[in-house]
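Asker: entry.cif (mmCIF, C-alpha atoms) pasted underneath:
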data_work
loop_
_atom_site.label_atom_id
_atom_site.label_comp_id
_atom_site.auth_asym_id
_atom_site.auth_seq_id
_atom_site.Cartn_x
_atom_site.Cartn_y
_atom_site.Cartn_z
CA MET A 75 43.35 18.18 -20.26
CA LEU A 76 44.84 21.26 -21.85
CA SER A 77 46.87 22.07 -18.77
CA SER A 78 48.31 18.59 -18.54
CA SER A 79 49.64 18.60 -22.11
CA ILE A 80 51.15 22.03 -21.53
CA ILE A 81 52.89 20.72 -18.47
CA ALA A 82 54.00 17.62 -20.24
CA LEU A 83 55.56 19.71 -22.96
CA SER A 84 57.01 22.36 -20.66
CA GLY A 85 59.59 19.97 -19.32
CA SER A 86 59.43 21.37 -15.80
CA THR A 87 59.79 19.41 -12.59
CA TYR A 88 56.08 18.60 -12.53
CA GLU A 89 55.30 14.92 -12.23
CA PRO A 90 51.87 13.92 -13.59
CA PRO A 91 49.86 11.56 -11.37
CA GLY A 92 50.08 7.87 -12.14
CA PRO A 93 49.43 4.45 -10.64
CA GLY A 94 52.17 5.18 -8.14
CA ASP A 95 49.83 7.62 -6.39
CA PHE A 96 47.56 4.71 -5.53
CA PHE A 97 50.23 2.79 -3.65
CA LEU A 98 51.08 4.93 -0.70
CA PRO A 99 53.54 3.82 1.95
CA ALA A 100 52.12 1.64 4.69
CA LEU A 101 50.48 3.41 7.63
CA PHE A 102 52.01 1.11 10.22
CA GLY A 103 53.51 -2.32 9.89
CA PRO A 104 52.00 -4.06 6.89
CA VAL A 105 48.74 -2.05 7.13
CA THR A 106 48.17 0.24 4.16
CA LYS A 107 45.64 3.05 3.88
CA PRO A 108 43.07 1.08 1.82
CA MET A 109 43.34 -1.82 4.28
CA ALA A 110 42.44 0.52 7.12
CA LEU A 111 39.69 2.06 5.00
CA VAL A 112 37.87 -1.19 4.18
CA VAL A 113 37.72 -2.05 7.86
CA ILE A 114 36.52 1.45 8.75
CA ALA A 115 33.93 1.28 5.96
CA ALA A 116 32.58 -2.03 7.20
CA LEU A 117 32.42 -0.80 10.79
CA LEU A 118 30.81 2.45 9.74
CA ALA A 119 28.23 0.72 7.56
CA PHE A 120 27.30 -1.80 10.22
CA VAL A 121 27.13 0.63 13.12
CA ALA A 122 25.17 3.21 11.13
CA PHE A 123 22.60 0.78 9.82
CA TYR A 124 22.37 -1.07 13.10
CA PHE A 125 21.39 2.12 14.88
CA MET A 126 19.03 3.10 12.08
CA SER A 127 17.25 -0.24 12.21
CA ARG A 128 17.43 -0.92 15.95
CA LYS A 129 14.06 0.56 16.94
CA ALA A 130 12.15 -1.02 14.05
CA ALA A 131 9.22 1.25 14.83
CA VAL A 132 6.00 1.14 12.85
CA VAL A 133 6.18 4.92 12.54
CA PRO A 134 9.85 5.53 11.72
CA GLY A 135 11.91 8.32 13.22
CA ARG A 136 14.28 10.38 11.14
CA LEU A 137 17.17 7.91 11.45
CA GLN A 138 15.09 4.87 10.73
CA PHE A 139 13.47 6.62 7.80
CA ALA A 140 16.88 7.32 6.26
CA GLY A 141 17.97 3.73 6.83
CA GLU A 142 14.76 2.39 5.37
CA ALA A 143 15.19 4.56 2.31
CA VAL A 144 18.51 2.88 1.52
CA TYR A 145 17.38 -0.58 2.59
CA GLY A 146 14.09 -0.27 0.74
CA PHE A 147 15.92 0.90 -2.39
CA VAL A 148 18.10 -2.22 -2.43
CA ARG A 149 15.32 -4.54 -1.29
CA ASN A 150 12.55 -3.36 -3.57
CA SER A 151 14.14 -1.61 -6.53
CA ILE A 152 17.10 -3.94 -6.96
CA ALA A 153 16.41 -7.31 -5.34
CA ARG A 154 12.65 -7.70 -5.76
CA ASP A 155 12.37 -6.14 -9.20
CA THR A 156 15.27 -8.19 -10.55
CA ILE A 157 14.97 -11.55 -8.81
CA GLY A 158 11.18 -11.58 -8.49
CA ALA A 159 8.88 -11.48 -5.49
CA HIS A 160 9.03 -15.22 -4.94
CA ASP A 161 12.61 -15.74 -3.69
CA TYR A 162 14.31 -12.36 -3.55
CA GLN A 163 14.25 -12.22 0.23
CA ARG A 164 17.15 -14.69 0.61
CA TYR A 165 19.49 -12.45 -1.34
CA VAL A 166 18.57 -9.11 0.20
CA PRO A 167 21.18 -9.30 3.00
CA TYR A 168 24.05 -9.92 0.57
CA LEU A 169 22.91 -7.32 -1.95
CA PHE A 170 22.37 -4.76 0.78
CA THR A 171 25.84 -5.52 2.19
CA VAL A 172 27.45 -5.12 -1.21
CA PHE A 173 25.64 -1.89 -1.96
CA VAL A 174 26.41 -0.26 1.37
CA PHE A 175 29.99 -1.50 1.49
CA VAL A 176 30.82 -0.35 -2.02
CA LEU A 177 29.01 2.95 -1.57
CA VAL A 178 30.84 3.84 1.64
CA ASN A 179 34.20 2.79 0.22
CA ASN A 180 33.60 4.77 -2.94
CA PHE A 181 32.61 7.87 -1.06
CA PHE A 182 35.83 7.68 0.92
CA GLY A 183 37.25 9.14 -2.29
CA VAL A 184 35.69 12.51 -1.55
CA VAL A 185 35.67 12.52 2.26
CA PRO A 186 38.24 15.07 3.41
CA LEU A 187 41.33 13.58 5.09
CA LEU A 188 40.44 10.02 4.01
CA GLN A 189 40.21 10.94 0.33
CA PHE A 190 40.90 7.55 -1.12
CA PRO A 191 38.40 5.31 -2.89
CA THR A 192 39.22 1.84 -1.62
CA MET A 193 37.77 0.24 -4.72
CA SER A 194 40.52 1.82 -6.84
CA HIS A 195 42.58 -1.13 -5.61
CA ILE A 196 41.55 -4.04 -7.79
CA GLY A 197 42.09 -6.54 -4.97
CA TYR A 198 38.93 -5.43 -3.15
CA THR A 199 36.74 -5.43 -6.25
CA THR A 200 38.14 -8.88 -7.07
CA ALA A 201 37.09 -10.11 -3.63
CA LEU A 202 33.56 -8.75 -4.09
CA ALA A 203 33.26 -10.11 -7.62
CA ALA A 204 34.51 -13.51 -6.45
CA ILE A 205 31.86 -13.67 -3.72
CA THR A 206 29.13 -12.72 -6.19
CA TRP A 207 30.48 -15.34 -8.62
CA LEU A 208 30.43 -18.03 -5.93
CA ILE A 209 26.91 -17.08 -4.88
CA TYR A 210 25.27 -17.04 -8.28
CA ASN A 211 26.95 -20.20 -9.45
CA GLY A 212 26.28 -21.84 -6.09
CA VAL A 213 22.56 -21.10 -6.03
CA GLY A 214 22.31 -22.04 -9.71
CA ILE A 215 23.93 -25.44 -9.10
CA ALA A 216 21.81 -25.95 -5.98
CA LYS A 217 18.68 -25.32 -8.02
CA HIS A 218 19.40 -27.06 -11.33
CA GLY A 219 22.12 -29.56 -10.38
CA PRO A 220 25.68 -29.26 -11.77
CA LEU A 221 24.90 -30.45 -15.30
CA GLY A 222 21.51 -28.83 -15.41
CA TYR A 223 23.03 -25.55 -14.35
CA LEU A 224 25.73 -25.78 -17.00
CA LYS A 225 23.07 -26.40 -19.62
CA HIS A 226 20.95 -23.60 -18.16
CA GLN A 227 23.77 -21.09 -18.47
CA THR A 228 25.25 -22.20 -21.80
CA VAL A 229 22.40 -23.50 -23.96
CA PRO A 230 19.95 -20.74 -24.84
CA ALA A 231 16.41 -21.91 -25.48
CA GLY A 232 14.97 -21.82 -28.98
CA VAL A 233 18.22 -21.84 -30.95
CA ALA A 234 18.88 -23.93 -34.06
CA PRO A 235 20.98 -27.00 -33.16
CA TRP A 236 23.70 -26.39 -35.75
CA ILE A 237 24.72 -23.10 -34.12
CA LEU A 238 25.08 -24.62 -30.65
CA PRO A 239 28.74 -25.70 -31.06
CA ILE A 240 29.64 -22.04 -31.51
CA LEU A 241 27.15 -20.69 -29.02
CA ILE A 242 27.90 -22.95 -26.07
CA PRO A 243 31.57 -21.91 -25.65
CA LEU A 244 30.58 -18.28 -26.13
CA GLU A 245 27.85 -18.47 -23.53
CA PHE A 246 30.14 -20.28 -21.13
CA LEU A 247 32.77 -17.63 -21.61
CA SER A 248 30.40 -14.72 -21.14
CA ASN A 249 28.26 -16.12 -18.32
CA ILE A 250 30.80 -18.01 -16.26
CA ILE A 251 34.22 -16.54 -16.96
CA VAL A 252 33.89 -12.96 -18.11
CA ARG A 253 31.18 -11.85 -15.70
CA PRO A 254 33.31 -11.71 -12.53
CA ILE A 255 36.18 -10.12 -14.43
CA THR A 256 34.07 -7.31 -15.86
CA LEU A 257 32.36 -6.90 -12.50
CA ALA A 258 35.72 -6.37 -10.79
CA LEU A 259 37.26 -4.31 -13.57
CA ARG A 260 34.33 -1.93 -14.03
CA LEU A 261 34.24 -0.86 -10.40
CA PHE A 262 38.01 -0.69 -10.12
CA ALA A 263 38.48 1.27 -13.34
CA THR A 264 35.83 3.90 -12.64
CA MET A 265 37.12 4.54 -9.14
CA PHE A 266 40.73 4.55 -10.34
CA ALA A 267 40.00 6.96 -13.18
CA GLY A 268 37.89 9.22 -11.01
CA HIS A 269 40.54 9.50 -8.36
CA LEU A 270 43.25 10.02 -10.97
CA LEU A 271 41.26 12.92 -12.41
CA LEU A 272 40.86 14.49 -9.00
CA ILE A 273 44.59 14.18 -8.30
CA LEU A 274 45.38 15.58 -11.73
CA PHE A 275 43.22 18.68 -11.36
CA SER A 276 44.19 19.44 -7.78
CA VAL A 277 47.92 18.68 -7.87
CA GLY A 278 48.27 20.01 -11.41
CA GLY A 279 46.34 23.13 -10.46
CA GLU A 280 48.57 23.65 -7.46
CA PHE A 281 51.71 23.34 -9.58
CA LEU A 282 50.33 25.76 -12.16
CA LEU A 283 49.37 28.29 -9.49
CA LEU A 284 52.68 28.21 -7.65
CA HIS A 285 55.48 27.21 -10.01
CA TYR A 286 54.50 27.69 -13.63
CA ASP A 287 56.29 30.29 -15.69
CA PRO A 288 54.95 32.65 -17.12
CA ARG A 289 53.06 33.36 -13.89
CA ALA A 290 49.96 35.05 -15.40
CA LEU A 291 49.13 32.07 -17.58
CA GLY A 292 49.93 29.66 -14.77
CA VAL A 293 47.62 31.38 -12.25
CA THR A 294 44.75 31.67 -14.74
CA VAL A 295 44.92 28.08 -15.94
CA GLY A 296 45.56 26.89 -12.40
CA LEU A 297 42.35 28.51 -11.18
CA VAL A 298 40.43 27.01 -14.11
CA SER A 299 41.96 23.68 -13.22
CA PHE A 300 40.65 23.92 -9.64
CA LEU A 301 37.19 24.86 -10.86
CA ILE A 302 37.16 21.89 -13.20
CA GLY A 303 38.43 19.78 -10.31
CA ILE A 304 35.42 20.79 -8.22
CA ALA A 305 33.04 19.99 -11.08
CA VAL A 306 34.77 16.65 -11.59
CA SER A 307 34.36 15.91 -7.87
CA PHE A 308 30.61 16.20 -8.23
CA LEU A 309 30.66 14.05 -11.35
CA ASP A 310 32.79 11.56 -9.44
CA MET A 311 30.25 11.44 -6.61
CA LEU A 312 27.56 10.57 -9.12
CA VAL A 313 29.81 7.87 -10.55
CA MET A 314 30.52 6.55 -7.04
CA PHE A 315 26.83 6.09 -6.39
CA LEU A 316 26.15 4.69 -9.85
CA GLN A 317 28.92 2.13 -9.61
CA ALA A 318 27.70 0.89 -6.25
CA TYR A 319 24.23 0.61 -7.79
CA VAL A 320 25.52 -1.11 -10.93
CA PHE A 321 27.60 -3.64 -8.99
CA THR A 322 24.60 -4.53 -6.80
CA LEU A 323 22.18 -4.62 -9.72
CA LEU A 324 24.46 -6.86 -11.78
CA SER A 325 24.94 -9.20 -8.83
CA ALA A 326 21.16 -9.41 -8.50
CA MET A 327 20.77 -10.01 -12.23
CA TYR A 328 23.35 -12.79 -12.25
CA ILE A 329 21.58 -14.46 -9.32
CA ALA A 330 18.22 -14.02 -11.06
CA GLY A 331 19.63 -15.54 -14.26
CA ALA A 332 21.09 -18.49 -12.39
CA ILE A 333 17.88 -19.43 -10.56
CA SER A 334 15.41 -18.58 -13.32
CA GLU A 335 13.37 -21.48 -14.69
CA GLU A 336 14.11 -20.90 -18.34
CA HIS A 337 15.22 -17.84 -20.20
CA MET B 185 45.11 12.39 -21.49
CA ILE B 186 46.51 9.62 -23.70
CA ASN B 187 49.73 11.56 -23.85
CA GLN B 188 49.79 11.62 -20.10
CA LEU B 189 48.99 7.94 -19.73
CA PHE B 190 51.87 7.09 -22.03
CA LEU B 191 54.06 9.25 -19.90
CA ALA B 192 52.81 7.55 -16.80
CA ALA B 193 53.41 4.15 -18.35
CA ALA B 194 56.93 5.13 -19.30
CA GLU B 195 57.56 6.37 -15.80
CA ALA B 196 56.10 3.22 -14.36
CA ALA B 197 58.62 1.22 -16.32
CA GLU B 198 61.41 3.42 -15.03
CA ASP B 199 60.37 3.67 -11.36
CA GLU B 200 59.15 0.10 -11.08
CA GLU B 201 55.66 1.44 -10.42
CA PRO B 202 53.17 -1.24 -9.37
CA ASN B 203 50.70 -2.43 -11.98
CA PRO B 204 47.24 -1.40 -10.76
CA LEU B 205 45.63 -4.25 -12.68
CA VAL B 206 47.32 -6.95 -10.63
CA PRO B 207 45.35 -7.66 -7.46
CA HIS B 208 47.28 -8.19 -4.26
CA LEU B 209 46.45 -11.44 -2.54
CA ALA B 210 46.41 -9.73 0.86
CA GLU B 211 43.82 -7.26 -0.38
CA ILE B 212 41.62 -9.98 -1.87
CA ILE B 213 41.69 -11.92 1.38
CA LEU B 214 41.12 -8.87 3.55
CA GLY B 215 38.33 -7.61 1.29
CA ALA B 216 36.62 -10.99 1.24
CA VAL B 217 36.89 -11.44 5.00
CA VAL B 218 35.58 -7.95 5.70
CA VAL B 219 32.67 -8.37 3.28
CA LEU B 220 31.78 -11.78 4.69
CA ILE B 221 31.81 -10.43 8.25
CA LEU B 222 29.75 -7.42 7.22
CA TRP B 223 27.35 -9.71 5.38
CA PHE B 224 26.96 -11.86 8.47
CA LEU B 225 26.43 -8.87 10.77
CA ILE B 226 23.95 -7.21 8.45
CA SER B 227 21.92 -10.35 7.85
CA LYS B 228 21.94 -11.07 11.58
CA PHE B 229 21.31 -7.64 13.09
CA VAL B 230 20.15 -5.17 10.46
CA VAL B 231 17.94 -6.92 7.92
CA PRO B 232 15.70 -8.66 10.50
CA ASN B 233 15.02 -5.31 12.16
CA PHE B 234 14.03 -3.64 8.92
CA GLU B 235 11.93 -6.62 7.92
CA ARG B 236 10.22 -6.63 11.29
CA ALA B 237 9.39 -2.96 10.89
CA TYR B 238 8.01 -3.64 7.41
CA ALA B 239 5.94 -6.58 8.61
CA GLU B 240 4.57 -4.67 11.59
CA ARG B 241 3.74 -1.71 9.41
CA THR B 242 1.94 -3.90 6.89
CA GLN B 243 0.06 -5.57 9.70
CA ALA B 244 -0.84 -2.26 11.28
CA ILE B 245 -2.19 -0.94 7.99
CA GLU B 246 -4.08 -4.14 7.26
CA GLY B 247 -5.42 -4.23 10.83
CA GLY B 248 -6.57 -0.64 10.48
CA ILE B 249 -8.32 -1.43 7.24
CA ALA B 250 -9.96 -4.50 8.76
CA ALA B 251 -11.13 -2.47 11.77
CA ALA B 252 -12.53 0.21 9.50
CA GLU B 253 -14.32 -2.45 7.46
CA THR B 254 -15.83 -3.95 10.61
CA LYS B 255 -16.98 -0.51 11.76
CA GLN B 256 -18.45 0.17 8.34
CA ALA B 257 -20.29 -3.13 8.35
CA GLU B 258 -21.64 -2.43 11.84
CA ALA B 259 -22.80 1.00 10.79
CA ASP B 260 -24.47 -0.45 7.70
CA ALA B 261 -26.23 -3.09 9.79
CA LYS B 262 -27.39 -0.46 12.25
CA LEU B 263 -28.68 1.75 9.45
CA ALA B 264 -30.54 -1.16 7.87
CA GLU B 265 -32.06 -2.04 11.23
CA LEU B 266 -33.18 1.52 11.83
CA GLU B 267 -34.68 1.75 8.37
CA GLN B 268 -36.46 -1.53 8.98
CA GLN B 269 -37.84 -0.18 12.24
CA LEU B 270 -38.88 3.05 10.60
CA SER B 271 -40.77 1.28 7.83
CA GLU B 272 -42.38 -1.01 10.38
CA ALA B 273 -43.49 2.02 12.34
CA ARG B 274 -44.88 3.57 9.19
CA HIS B 275 -46.80 0.38 8.42
CA GLU B 276 -48.09 0.25 11.95
CA ALA B 277 -49.26 3.84 11.80
CA ALA B 278 -50.98 3.28 8.47
CA ARG B 279 -52.64 0.15 9.81
CA ILE B 280 -53.85 1.94 12.94
CA ARG B 281 -55.18 4.80 10.86
CA GLU B 282 -56.99 2.39 8.60
CA GLU B 283 -58.48 0.57 11.56
CA ALA B 284 -59.60 3.80 13.13
CA ARG B 285 -61.27 4.83 9.92
CA GLU B 286 -63.05 1.50 9.66
CA GLN B 287 -64.07 1.63 13.28
CA GLY B 288 -65.35 5.18 12.88
CA ALA B 289 -67.36 4.20 9.83
CA SER B 290 -68.86 1.18 11.56
CA ILE B 291 -69.67 3.24 14.65
CA VAL B 292 -71.44 5.82 12.51
CA ALA B 293 -73.36 3.11 10.68
CA GLU B 294 -74.33 1.43 13.92
CA MET B 295 -75.43 4.70 15.42
CA ARG B 296 -77.49 5.47 12.37
CA GLN B 297 -79.14 2.09 12.59
CA GLN B 298 -79.81 2.51 16.26
CA ALA B 299 -81.31 5.95 15.71
CA GLN B 300 -83.49 4.59 12.95
CA ALA B 301 -84.63 1.73 15.10
CA GLU B 302 -85.31 4.08 17.98
CA SER B 303 -87.26 6.46 15.82
CA SER B 304 -89.36 3.71 14.29
CA ARG B 305 -89.88 2.26 17.74
CA ILE B 306 -91.07 5.65 19.01
CA VAL B 307 -93.34 6.02 16.00
CA GLU B 308 -94.72 2.52 16.53
CA ALA B 309 -95.27 3.19 20.21
CA GLY B 310 -97.06 6.46 19.40
CA LYS B 311 -99.25 4.76 16.87
CA ALA B 312 -100.12 1.99 19.27
CA GLN B 313 -100.92 4.43 22.01
CA ILE B 314 -103.12 6.50 19.73
CA GLU B 315 -104.91 3.39 18.60
CA ALA B 316 -105.42 2.27 22.17
CA GLU B 317 -106.69 5.65 23.21
CA ARG B 318 -108.98 5.79 20.23
CA GLN B 319 -110.28 2.29 21.11
CA GLN B 320 -110.79 3.40 24.63
CA ALA B 321 -112.56 6.54 23.50
CA VAL B 322 -114.77 4.54 21.17
CA THR B 323 -115.63 2.07 23.92
CA SER B 324 -116.38 4.73 26.48
CA LEU B 325 -118.29 6.77 23.92
CA ARG B 326 -120.29 3.76 22.91
CA ALA B 327 -121.26 3.14 26.51
CA GLU B 328 -122.02 6.74 27.19
CA VAL B 329 -123.81 7.29 23.90
CA GLY B 330 -125.88 4.15 24.60
CA THR B 331 -126.85 5.38 28.08
CA LEU B 332 -127.56 8.85 26.83
CA ALA B 333 -129.52 7.64 23.85
CA THR B 334 -131.51 5.19 25.96
CA THR B 335 -132.27 7.78 28.56
CA LEU B 336 -133.21 10.20 25.82
CA ALA B 337 -135.28 7.68 23.97
CA GLY B 338 -136.94 6.56 27.18
CA ARG B 339 -137.82 10.08 27.94
CA ILE B 340 -139.07 10.61 24.40
CA VAL B 341 -141.06 7.36 24.06
CA GLY B 342 -141.89 7.21 27.72
CA GLU B 343 -141.02 3.73 27.87
CA SER B 344 -138.74 2.48 30.50
CA LEU B 345 -135.96 0.73 28.97
CA ASP B 346 -134.50 -0.65 32.13
CA ASP B 347 -134.09 -4.07 30.85
CA GLU B 348 -130.44 -4.38 30.38
CA ALA B 349 -130.45 -6.81 27.52
CA ARG B 350 -132.99 -5.04 25.66
CA GLN B 351 -131.33 -1.83 26.18
CA SER B 352 -128.06 -2.92 24.76
CA ARG B 353 -129.73 -4.67 21.84
CA VAL B 354 -131.53 -1.51 20.94
CA VAL B 355 -128.41 0.54 21.16
CA ASP B 356 -126.46 -1.88 19.11
CA ARG B 357 -129.09 -1.98 16.43
CA PHE B 358 -129.18 1.76 16.41
CA LEU B 359 -125.49 2.02 16.10
CA ALA B 360 -125.39 -0.57 13.38
CA ASP B 361 -127.99 1.37 11.53
CA LEU B 362 -126.01 4.49 12.02
CA GLU B 363 -122.97 2.78 10.60
CA THR B 364 -124.77 1.37 7.55
CA GLY B 365 -126.39 4.71 7.01
CA ALA B 366 -129.83 3.09 6.78
CA PRO B 367 -132.71 4.95 8.28
CA GLY B 368 -133.46 3.75 11.76
CA VAL B 369 -136.61 3.52 13.80
CA ASN B 370 -137.05 7.18 14.05
#
Take the structure I supplied and represent it as structure tokens, if you would.
Answerer:
Amino acid sequence: MLSSSIIALSGSTYEPPGPGDFFLPALFGPVTKPMALVVIAALLAFVAFYFMSRKAAVVPGRLQFAGEAVYGFVRNSIARDTIGAHDYQRYVPYLFTVFVFVLVNNFFGVVPLLQFPTMSHIGYTTALAAITWLIYNGVGIAKHGPLGYLKHQTVPAGVAPWILPILIPLEFLSNIIVRPITLALRLFATMFAGHLLLILFSVGGEFLLLHYDPRALGVTVGLVSFLIGIAVSFLDMLVMFLQAYVFTLLSAMYIAGAISEEH
Amino acid sequence: MINQLFLAAAEAAEDEEPNPLVPHLAEIILGAVVVLILWFLISKFVVPNFERAYAERTQAIEGGIAAAETKQAEADAKLAELEQQLSEARHEAARIREEAREQGASIVAEMRQQAQAESSRIVEAGKAQIEAERQQAVTSLRAEVGTLATTLAGRIVGESLDDEARQSRVVDRFLADLETGAPGVN
């Protein structure tokens, strides 16, 4: 923070990181780095969990145990606890897919050489949020019927009738329109900000170490910048996990809200 | 930070930097397709395996518990049976002991009775024998005494007392006198 304002005021050739750093030139043809990464992430997630689950032994080996830890976390702690033991099983595959896919893509942000969180491109989070939106509205309509579902989502139970004209548009806005937008924005923004911070501390630190004048101040602050960068990396890893968890949990909660009997 | 963001925004305006908040259609489509394929693969090949493992594990644990319960029930039944047998054996032993005691008592009583009967029989027999012998002695004495007395009297009175009838009448009278204590002919 301190270093960046110094740089900004110093008027040197340093260019602070910006959105431009997230739009790298295409790898080959029209294929960009995040495009390659989503495909790699999906392949990696499927292959890894396929091999972890393949044996399906009663007494799990090390691999299966690791796979079951992740699967059990999504299945029991997210899906079952949120949706309820009666019909959570239908949604476990999707929630598990979302969790694993987002988690792997997020962690690409700290994997050496890859080092790019795919979800810092809002297009991918939009795709995920759109699928979640389609699913929870779809299962809600399938359960309550189109009008019943609309009433279910917009008319809260036990509210005085005179307040309904204000409440119904608000509920519609928050439950049907804003939900997918916040879902997409939250994941995008956290990954974008995290990656921006990492670029700032590493590239800025490099500039300070090598080019800043006076040298003594530059080297000292540059080293501090790298140390902070390492600390921020760990913080970012926590955020990467949390955001994958939050996205999955919110998807589960939206589904639970859509199919609940009455809230 | 804010300072820097402003700077970045200014630069973005200058360099025609892309707006990160505008999603690219290609990325939405690619992301959706990849997620849908992954969803399909995971629900087809990964989730069933994990669920099968869960189900088998649950079954194994429940089966183990059921087997243990069966074993426990068998053991309980066996124990109850053995206890039943033991108490039956105890009853049997007590019954046999009781019977033996009763039998012993009755045997002793019977023996005592027999011994008493035997002893009284022996006493009776002894008495009878003595009586018979006495009777015999009296009879033989009476005959002998009669003969002796007659002979003696005959010698004394010089009178032959050969007549049998007379003889015995005299003796009898004499004896009767002796018995009454009255003075005889002397």
Asker: Pick out the residues sitting within 8 Å of stretch 246-263 of chain A, and hand them over as an MDAnalysis selection string; count only C-alpha atoms, and ignore anything fewer than 5 positions along from it in its own chain.
Answerer: chainID A and resid 193:196 199:200 202:204 206:207 227:228 317:318 321 324
Asker: Would you translate the PyMOL selection byres ((chain B) within 8 of (chain A)) into the concrete set of residues it matches in this file, as a ChimeraX atom specification?
Answerer: /B:185,187-189,192-193,196,201-216,218-219,222-223,225-227,229-231,233-234,236-238,240-241,244
Asker: Written as a PyMOL selection string, which residues does the PyMOL selection byres ((chain A and resi 225) around 12) give for the file shown?
Answerer: chain A and resi 214-215+218-224+226-231+238+241-243+245-246+249-250+332+335-337
Asker: At what distance in Å, to one decimal, does atom CA of A:His160 lie from atom CA of B:Lys228?
Answerer: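 Rounded to one decimal, the two atoms are 21.4 Å apart.
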Asker: Here's the selection I'm unsure about, the PyMOL selection byres ((chain A and resi 279-285) around 8); applied to the file above, which residues does it give, as a list in words?
Answerer: Tyr88, Leu274, Phe275, Ser276, Val277, Gly278, Tyr286, Asp287, Arg289, Gly292, Val293, Thr294, Val295, Gly296, Leu297, Val298, Ser299 and Phe300 of chain A
Asker: Could you work out how far atom CA of B:Glu363 lies from atom CA of B:Thr335, giving the answer in Å with one decimal?
Answerer: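 A separation of 20.8 Å between them.
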Asker: Report, in Å with one decimal, the straight-line distance from atom CA of A:Arg136 to atom CA of A:Leu177.
Answerer: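 Atom-to-atom, atom CA of A:Arg136 to atom CA of A:Leu177, that is 20.8 Å.
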Asker: Can you tell me, as a ChimeraX atom specification, what residues are no more than 8 Å from A:Phe190 when counting only C-alpha atoms, ignoring any on the same chain fewer than 4 positions away?
Answerer: /A:108,182-185,269
Asker: Go ahead and write the residues just picked, C-alpha atoms, as a PDB file, in the frame of the given file.
Answerer:
ATOM      1  CA  PRO A 108      43.070   1.080   1.820  1.00  0.00           C
ATOM      2  CA  PHE A 182      35.830   7.680   0.920  1.00  0.00           C
ATOM      3  CA  GLY A 183      37.250   9.140  -2.290  1.00  0.00           C
ATOM      4  CA  VAL A 184      35.690  12.510  -1.550  1.00  0.00           C
ATOM      5  CA  VAL A 185      35.670  12.520   2.260  1.00  0.00           C
ATOM      6  CA  HIS A 269      40.540   9.500  -8.360  1.00  0.00           C
TER       7      HIS A 269
END
